[in-house]
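Data from data_9.pdb: PDB, C-alpha atoms
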```pdb
ATOM      1  CA  MET A   1       0.000   0.000   0.000  1.00  0.00           C
ATOM      2  CA  LYS A   2       1.401   3.391  -0.974  1.00  0.00           C
ATOM      3  CA  THR A   3       0.594   5.068   2.305  1.00  0.00           C
ATOM      4  CA  LYS A   4       2.792   2.724   4.329  1.00  0.00           C
ATOM      5  CA  ASN A   5       5.879   4.490   3.046  1.00  0.00           C
ATOM      6  CA  VAL A   6       4.432   7.964   2.694  1.00  0.00           C
ATOM      7  CA  VAL A   7       6.539   9.210   5.601  1.00  0.00           C
ATOM      8  CA  LYS A   8       9.458   9.276   3.152  1.00  0.00           C
ATOM      9  CA  GLY A   9       7.580  11.802   1.032  1.00  0.00           C
ATOM     10  CA  MET A  10       6.463  14.098   3.839  1.00  0.00           C
ATOM     11  CA  LEU A  11       8.507  17.282   3.754  1.00  0.00           C
ATOM     12  CA  LEU A  12       9.468  18.601   7.142  1.00  0.00           C
ATOM     13  CA  LEU A  13       9.708  22.353   6.683  1.00  0.00           C
ATOM     14  CA  ALA A  14      10.346  23.477  10.218  1.00  0.00           C
ATOM     15  CA  ALA A  15      10.671  22.120  13.713  1.00  0.00           C
ATOM     16  CA  VAL A  16      10.087  24.298  16.738  1.00  0.00           C
ATOM     17  CA  VAL A  17      10.457  22.933  20.256  1.00  0.00           C
ATOM     18  CA  LEU A  18       9.244  25.449  22.786  1.00  0.00           C
ATOM     19  CA  SER A  19       9.683  25.477  26.524  1.00  0.00           C
ATOM     20  CA  SER A  20       6.930  24.129  28.755  1.00  0.00           C
ATOM     21  CA  ALA A  21       5.952  27.750  29.511  1.00  0.00           C
ATOM     22  CA  SER A  22       4.073  27.774  26.240  1.00  0.00           C
ATOM     23  CA  VAL A  23       1.137  29.280  24.413  1.00  0.00           C
ATOM     24  CA  PHE A  24      -0.692  25.948  24.152  1.00  0.00           C
ATOM     25  CA  ALA A  25      -3.315  24.468  26.421  1.00  0.00           C
ATOM     26  CA  LYS A  26      -2.175  21.478  28.443  1.00  0.00           C
ATOM     27  CA  GLY A  27      -3.112  18.079  27.052  1.00  0.00           C
ATOM     28  CA  LYS A  28      -3.968  19.510  23.643  1.00  0.00           C
ATOM     29  CA  ILE A  29      -3.220  18.223  20.151  1.00  0.00           C
ATOM     30  CA  SER A  30      -3.679  20.872  17.486  1.00  0.00           C
ATOM     31  CA  VAL A  31      -3.693  20.449  13.694  1.00  0.00           C
ATOM     32  CA  SER A  32      -3.900  23.732  11.781  1.00  0.00           C
ATOM     33  CA  PRO A  33      -3.612  24.523   8.065  1.00  0.00           C
ATOM     34  CA  TYR A  34      -0.648  26.543   6.823  1.00  0.00           C
ATOM     35  CA  PRO A  35      -2.370  29.206   4.656  1.00  0.00           C
ATOM     36  CA  LYS A  36      -2.435  28.836   0.870  1.00  0.00           C
ATOM     37  CA  SER A  37      -0.427  25.625   0.829  1.00  0.00           C
ATOM     38  CA  SER A  38      -0.556  21.879   1.434  1.00  0.00           C
ATOM     39  CA  TYR A  39       1.318  22.345   4.704  1.00  0.00           C
ATOM     40  CA  ALA A  40      -0.112  21.889   8.187  1.00  0.00           C
ATOM     41  CA  VAL A  41       1.132  22.697  11.680  1.00  0.00           C
ATOM     42  CA  ILE A  42       0.894  19.902  14.235  1.00  0.00           C
ATOM     43  CA  SER A  43       1.408  20.980  17.845  1.00  0.00           C
ATOM     44  CA  VAL A  44       1.221  18.891  20.991  1.00  0.00           C
ATOM     45  CA  GLU A  45       1.593  19.717  24.662  1.00  0.00           C
ATOM     46  CA  PRO A  46       1.237  16.819  27.105  1.00  0.00           C
ATOM     47  CA  SER A  47      -0.887  17.182  30.227  1.00  0.00           C
ATOM     48  CA  VAL A  48       1.807  15.551  32.375  1.00  0.00           C
ATOM     49  CA  GLU A  49       5.546  16.007  32.816  1.00  0.00           C
ATOM     50  CA  ALA A  50       6.864  12.898  31.075  1.00  0.00           C
ATOM     51  CA  LEU A  51       8.775  11.738  28.009  1.00  0.00           C
ATOM     52  CA  TYR A  52       6.353  11.137  25.149  1.00  0.00           C
ATOM     53  CA  SER A  53       6.131  10.439  21.432  1.00  0.00           C
ATOM     54  CA  ILE A  54       3.537  10.979  18.738  1.00  0.00           C
ATOM     55  CA  ALA A  55       2.519   8.936  15.734  1.00  0.00           C
ATOM     56  CA  ILE A  56       0.216   9.629  12.792  1.00  0.00           C
ATOM     57  CA  PHE A  57      -1.944   6.797  11.427  1.00  0.00           C
ATOM     58  CA  ASN A  58      -4.055   6.558   8.287  1.00  0.00           C
ATOM     59  CA  ALA A  59      -7.563   5.039   8.199  1.00  0.00           C
ATOM     60  CA  SER A  60      -6.074   1.560   7.711  1.00  0.00           C
ATOM     61  CA  GLY A  61      -3.965   1.859  10.847  1.00  0.00           C
ATOM     62  CA  ASP A  62      -0.653   2.244   8.983  1.00  0.00           C
ATOM     63  CA  VAL A  63       1.905   4.570  10.586  1.00  0.00           C
ATOM     64  CA  VAL A  64       2.724   7.479   8.254  1.00  0.00           C
ATOM     65  CA  TYR A  65       4.853   9.387  10.771  1.00  0.00           C
ATOM     66  CA  SER A  66       6.482   8.527  14.083  1.00  0.00           C
ATOM     67  CA  SER A  67       8.468  10.964  16.227  1.00  0.00           C
ATOM     68  CA  SER A  68      11.422  10.235  18.423  1.00  0.00           C
ATOM     69  CA  LYS A  69      10.970  10.738  22.164  1.00  0.00           C
ATOM     70  CA  VAL A  70      10.127  14.322  23.103  1.00  0.00           C
ATOM     71  CA  GLU A  71      11.819  15.571  26.238  1.00  0.00           C
ATOM     72  CA  ASN A  72      10.031  15.784  29.550  1.00  0.00           C
ATOM     73  CA  GLY A  73       7.128  18.248  29.339  1.00  0.00           C
ATOM     74  CA  ALA A  74       8.328  20.018  26.156  1.00  0.00           C
ATOM     75  CA  VAL A  75       5.992  21.113  23.371  1.00  0.00           C
ATOM     76  CA  PHE A  76       6.166  19.317  20.022  1.00  0.00           C
ATOM     77  CA  SER A  77       5.511  21.563  17.030  1.00  0.00           C
ATOM     78  CA  LYS A  78       6.305  20.753  13.408  1.00  0.00           C
ATOM     79  CA  VAL A  79       5.172  21.801   9.958  1.00  0.00           C
ATOM     80  CA  PHE A  80       4.381  18.986   7.516  1.00  0.00           C
ATOM     81  CA  ASP A  81       3.598  18.790   3.824  1.00  0.00           C
ATOM     82  CA  PHE A  82       0.458  16.662   3.340  1.00  0.00           C
ATOM     83  CA  SER A  83       0.580  16.742  -0.465  1.00  0.00           C
ATOM     84  CA  LYS A  84       1.822  13.122  -0.602  1.00  0.00           C
ATOM     85  CA  LEU A  85      -0.960  11.778   1.615  1.00  0.00           C
ATOM     86  CA  GLU A  86      -3.978  10.032   0.150  1.00  0.00           C
ATOM     87  CA  ASP A  87      -7.421  11.500   0.812  1.00  0.00           C
ATOM     88  CA  GLY A  88      -9.028  10.251   3.999  1.00  0.00           C
ATOM     89  CA  GLU A  89      -9.118  10.483   7.767  1.00  0.00           C
ATOM     90  CA  TYR A  90      -5.951  10.375   9.864  1.00  0.00           C
ATOM     91  CA  LYS A  91      -5.297  10.087  13.561  1.00  0.00           C
ATOM     92  CA  ILE A  92      -2.556  11.576  15.743  1.00  0.00           C
ATOM     93  CA  ARG A  93      -1.760   9.587  18.872  1.00  0.00           C
ATOM     94  CA  LEU A  94       0.231  10.878  21.856  1.00  0.00           C
ATOM     95  CA  ARG A  95       1.739   8.184  24.073  1.00  0.00           C
ATOM     96  CA  SER A  96       3.637   8.517  27.338  1.00  0.00           C
ATOM     97  CA  LYS A  97       4.498   5.697  29.724  1.00  0.00           C
ATOM     98  CA  GLY A  98       1.952   5.170  32.480  1.00  0.00           C
ATOM     99  CA  ASN A  99      -0.477   7.799  31.144  1.00  0.00           C
ATOM    100  CA  PRO A 100      -3.658   7.628  29.041  1.00  0.00           C
ATOM    101  CA  VAL A 101      -3.298   7.818  25.267  1.00  0.00           C
ATOM    102  CA  VAL A 102      -4.503  11.106  23.742  1.00  0.00           C
ATOM    103  CA  GLU A 103      -5.771  11.185  20.149  1.00  0.00           C
ATOM    104  CA  GLU A 104      -6.893  13.779  17.613  1.00  0.00           C
ATOM    105  CA  ARG A 105      -8.345  13.172  14.141  1.00  0.00           C
ATOM    106  CA  PHE A 106      -7.956  15.218  10.975  1.00  0.00           C
ATOM    107  CA  THR A 107      -8.941  14.846   7.334  1.00  0.00           C
ATOM    108  CA  VAL A 108      -6.870  15.281   4.180  1.00  0.00           C
ATOM    109  CA  LYS A 109      -8.456  16.063   0.820  1.00  0.00           C
ATOM    110  CA  GLY A 110      -6.662  16.948  -2.392  1.00  0.00           C
ATOM    111  CA  GLY A 111      -3.300  16.689  -0.655  1.00  0.00           C
ATOM    112  CA  ALA A 112      -4.135  19.327   1.957  1.00  0.00           C
ATOM    113  CA  LEU A 113      -5.632  19.506   5.421  1.00  0.00           C
ATOM    114  CA  VAL A 114      -9.388  20.077   5.542  1.00  0.00           C
ATOM    115  CA  PRO A 115      -9.543  23.070   7.920  1.00  0.00           C
ATOM    116  CA  SER A 116     -11.819  23.308  10.907  1.00  0.00           C
ATOM    117  CA  ASP A 117     -13.691  26.554  11.478  1.00  0.00           C
ATOM    118  CA  LEU A 118     -12.816  26.240  15.147  1.00  0.00           C
ATOM    119  CA  LYS A 119      -9.163  26.877  14.312  1.00  0.00           C
ATOM    120  CA  ALA A 120      -9.636  29.894  12.060  1.00  0.00           C
ATOM    121  CA  ASP A 121      -9.199  32.689  14.614  1.00  0.00           C
ATOM    122  CA  VAL A 122      -6.291  33.614  16.838  1.00  0.00           C
ATOM    123  CA  THR A 123      -7.138  32.707  20.435  1.00  0.00           C
ATOM    124  CA  ALA A 124      -5.670  33.461  23.844  1.00  0.00           C
ATOM    125  CA  GLU A 125      -4.054  30.014  23.717  1.00  0.00           C
ATOM    126  CA  ASP A 126      -1.929  31.151  20.756  1.00  0.00           C
ATOM    127  CA  VAL A 127      -0.514  34.249  22.474  1.00  0.00           C
ATOM    128  CA  LYS A 128       1.269  34.553  25.796  1.00  0.00           C
ATOM    129  CA  ILE A 129       2.525  37.836  27.301  1.00  0.00           C
ATOM    130  CA  TRP A 130       4.216  38.010  30.683  1.00  0.00           C
ATOM    131  CA  LYS A 131       6.684  40.107  32.672  1.00  0.00           C
ATOM    132  CA  LYS A 132       9.643  38.906  34.677  1.00  0.00           C
ATOM    133  CA  SER A 133      11.765  41.462  36.479  1.00  0.00           C
ATOM    134  CA  ASP A 134      12.306  44.294  33.961  1.00  0.00           C
ATOM    135  CA  VAL A 135      11.645  42.238  30.813  1.00  0.00           C
ATOM    136  CA  VAL A 136       8.282  41.771  29.066  1.00  0.00           C
ATOM    137  CA  TYR A 137       8.039  38.600  26.947  1.00  0.00           C
ATOM    138  CA  VAL A 138       5.719  37.829  24.024  1.00  0.00           C
ATOM    139  CA  SER A 139       5.269  34.365  22.494  1.00  0.00           C
ATOM    140  CA  HIS A 140       2.946  33.580  19.593  1.00  0.00           C
ATOM    141  CA  LEU A 141       2.205  30.553  17.425  1.00  0.00           C
ATOM    142  CA  ASN A 142       1.016  32.284  14.259  1.00  0.00           C
ATOM    143  CA  ARG A 143      -1.050  29.473  12.688  1.00  0.00           C
ATOM    144  CA  ASN A 144      -2.643  31.775  10.089  1.00  0.00           C
ATOM    145  CA  LEU A 145       0.604  33.573   9.150  1.00  0.00           C
ATOM    146  CA  ASN A 146      -0.844  36.945  10.107  1.00  0.00           C
ATOM    147  CA  GLY A 147       1.098  40.166  10.028  1.00  0.00           C
ATOM    148  CA  MET A 148       1.910  41.228  13.592  1.00  0.00           C
ATOM    149  CA  VAL A 149       2.388  44.512  15.456  1.00  0.00           C
ATOM    150  CA  VAL A 150       3.869  45.214  18.891  1.00  0.00           C
ATOM    151  CA  ARG A 151       3.051  48.558  20.507  1.00  0.00           C
ATOM    152  CA  LEU A 152       3.947  49.940  23.931  1.00  0.00           C
ATOM    153  CA  VAL A 153       2.170  53.012  25.356  1.00  0.00           C
ATOM    154  CA  ASP A 154       2.273  54.832  28.671  1.00  0.00           C
ATOM    155  CA  SER A 155      -0.679  55.848  30.856  1.00  0.00           C
ATOM    156  CA  ARG A 156      -1.208  59.053  28.792  1.00  0.00           C
ATOM    157  CA  GLY A 157      -1.427  57.092  25.553  1.00  0.00           C
ATOM    158  CA  SER A 158       1.972  58.226  24.280  1.00  0.00           C
ATOM    159  CA  VAL A 159       3.536  55.618  21.993  1.00  0.00           C
ATOM    160  CA  ILE A 160       6.937  54.461  23.240  1.00  0.00           C
ATOM    161  CA  TYR A 161       7.474  51.576  20.833  1.00  0.00           C
ATOM    162  CA  ASP A 162       5.621  50.559  17.681  1.00  0.00           C
ATOM    163  CA  LYS A 163       6.879  47.904  15.269  1.00  0.00           C
ATOM    164  CA  SER A 164       5.310  45.814  12.515  1.00  0.00           C
ATOM    165  CA  ILE A 165       6.536  42.223  12.263  1.00  0.00           C
ATOM    166  CA  PRO A 166       6.489  40.134   9.049  1.00  0.00           C
ATOM    167  CA  ALA A 167       4.265  37.051   8.975  1.00  0.00           C
ATOM    168  CA  GLU A 168       6.131  34.087  10.436  1.00  0.00           C
ATOM    169  CA  LEU A 169       4.989  30.804  11.950  1.00  0.00           C
ATOM    170  CA  THR A 170       6.360  31.621  15.389  1.00  0.00           C
ATOM    171  CA  TYR A 171       7.267  34.845  17.130  1.00  0.00           C
ATOM    172  CA  SER A 172       9.184  35.323  20.367  1.00  0.00           C
ATOM    173  CA  GLY A 173      10.101  38.773  21.585  1.00  0.00           C
ATOM    174  CA  LYS A 174      11.471  40.284  24.764  1.00  0.00           C
ATOM    175  CA  PHE A 175      11.474  43.942  25.714  1.00  0.00           C
ATOM    176  CA  ASN A 176      13.715  45.422  28.384  1.00  0.00           C
ATOM    177  CA  VAL A 177      11.708  48.110  30.187  1.00  0.00           C
ATOM    178  CA  SER A 178      14.280  48.889  32.884  1.00  0.00           C
ATOM    179  CA  SER A 179      14.921  52.402  31.502  1.00  0.00           C
ATOM    180  CA  LEU A 180      11.259  53.445  31.606  1.00  0.00           C
ATOM    181  CA  PRO A 181      10.206  55.902  34.336  1.00  0.00           C
ATOM    182  CA  LYS A 182       7.862  54.680  37.048  1.00  0.00           C
ATOM    183  CA  GLY A 183       4.240  54.487  35.955  1.00  0.00           C
ATOM    184  CA  ASN A 184       1.604  52.340  34.250  1.00  0.00           C
ATOM    185  CA  TYR A 185       2.104  50.906  30.781  1.00  0.00           C
ATOM    186  CA  SER A 186       0.242  48.795  28.249  1.00  0.00           C
ATOM    187  CA  LEU A 187       1.795  46.487  25.678  1.00  0.00           C
ATOM    188  CA  SER A 188      -0.477  45.600  22.763  1.00  0.00           C
ATOM    189  CA  PHE A 189       0.213  42.646  20.496  1.00  0.00           C
ATOM    190  CA  VAL A 190      -1.757  42.473  17.248  1.00  0.00           C
ATOM    191  CA  SER A 191      -2.071  39.315  15.133  1.00  0.00           C
ATOM    192  CA  GLY A 192      -4.339  39.709  12.135  1.00  0.00           C
ATOM    193  CA  ASN A 193      -7.461  41.452  13.445  1.00  0.00           C
ATOM    194  CA  LYS A 194      -7.032  40.322  17.055  1.00  0.00           C
ATOM    195  CA  VAL A 195      -5.490  42.568  19.724  1.00  0.00           C
ATOM    196  CA  PHE A 196      -4.049  41.260  23.001  1.00  0.00           C
ATOM    197  CA  ASN A 197      -3.284  43.817  25.721  1.00  0.00           C
ATOM    198  CA  TYR A 198      -0.980  43.393  28.682  1.00  0.00           C
ATOM    199  CA  GLU A 199      -0.861  46.082  31.362  1.00  0.00           C
ATOM    200  CA  PHE A 200       1.971  46.392  33.857  1.00  0.00           C
ATOM    201  CA  LYS A 201       3.395  48.828  36.395  1.00  0.00           C
ATOM    202  CA  LYS A 202       6.976  49.960  36.440  1.00  0.00           C
TER     203      LYS A 202
END
```
Just give me the structure of the file as structure tokens.
Amino acid sequence: MKTKNVVKGMLLLAAVVLSSASVFAKGKISVSPYPKSSYAVISVEPSVEALYSIAIFNASGDVVYSSSKVENGAVFSKVFDFSKLEDGEYKIRLRSKGNPVVEERFTVKGGALVPSDLKADVTAEDVKIWKKSDVVYVSHLNRNLNGMVVRLVDSRGSVIYDKSIPAELTYSGKFNVSSLPKGNYSLSFVSGNKVFNYEFKK
């Protein structure tokens, strides 16, 4: 059967392993289309701190992809080319020793992922903003390849920093605010038509 060896034809475009302080929900498997292409982003974060692996099966139960062990608690995120896959339903299975198996299903048609409307918009799970000491961090999994903007304003609305960011699959930024005078500030992160605000005091 052709699909048994299809893993040889799957093009791995990018591999991003993020820290466990991630933008994903715990115990979640996500399959999202890469816009205007046959590519798809598969992201997994386990619900427990343990070594794990993932495998992708076709409708006949044949393995079309199998990962090596992913380190304890880390997020798995890769971009795949589904153009070599036959039409049909597929299943992603997450396994870790001593824990329940987690599965997610997706469908391929015409060599591309059939998108789910539930994954069309940027959500709070895709963006994380936090402050540690005098550094503000932003992390974003940009599933829809949106253009991005980061803007920092003070309590009077004066713009301190404003930068547009080209569309990329992932974005990680850190901003040293140690030189700012004492006061209240707001950092806005824009992805597509969604705005995420983070307020902090200096």
* **Hits from the PyMOL selection byres ((chain A and resi 68) around 9), listed as a list in words** => Tyr52, Ser53, Ile54, Ser66, Ser67, Lys69 and Val70 of chain A
* Run through the PyMOL selection byres ((chain A and resi 197) around 12) on the given coordinates and return the selected residues as a ChimeraX atom specification. => /A:124,127-130,138,149-153,185-191,194-196,198-200
* Asked: Smallest atom-to-atom distance to Val136 in chain A: which of A:Phe175, A:Tyr65, A:Arg93, A:Ile160, using all atoms listed in the file?
  ->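 Looking at the shortest contact to Val136 in chain A, the residue is A:Phe175.
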* Show which residues sit within 10 Å of range 110-112 of chain A, as a PyMOL selection string. Count all atoms listed in the file, and ignore same-chain residues fewer than 6 positions away. => chain A and resi 33-34+36-40+81-88
* Distance in Å - CA of Leu113 in chain A versus CA of Ala50 in chain A ->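 These atoms are spaced 29.3 Å apart.
CA of Asp126 in chain A is positioned 27.7 Å from CA of Asn58 in chain A.
Taking CA of Arg95 in chain A and CA of Val122 in chain A as the two end points, the separation is 27.6 Å.
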* Structure fact -> Across A:Val102, A:Val75, A:Ile29, A:Val108, the smallest distance to Tyr90 in chain A, with all atoms listed in the file counted, is shown by A:Val108
* With all atoms listed in the file as the atoms that count, which of A:Ser139, A:Asn144, A:Ser155, A:Thr170 lies nearest to Lys182 in chain A? ->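 The answer is A:Ser155, which sits nearest to Lys182 in chain A.
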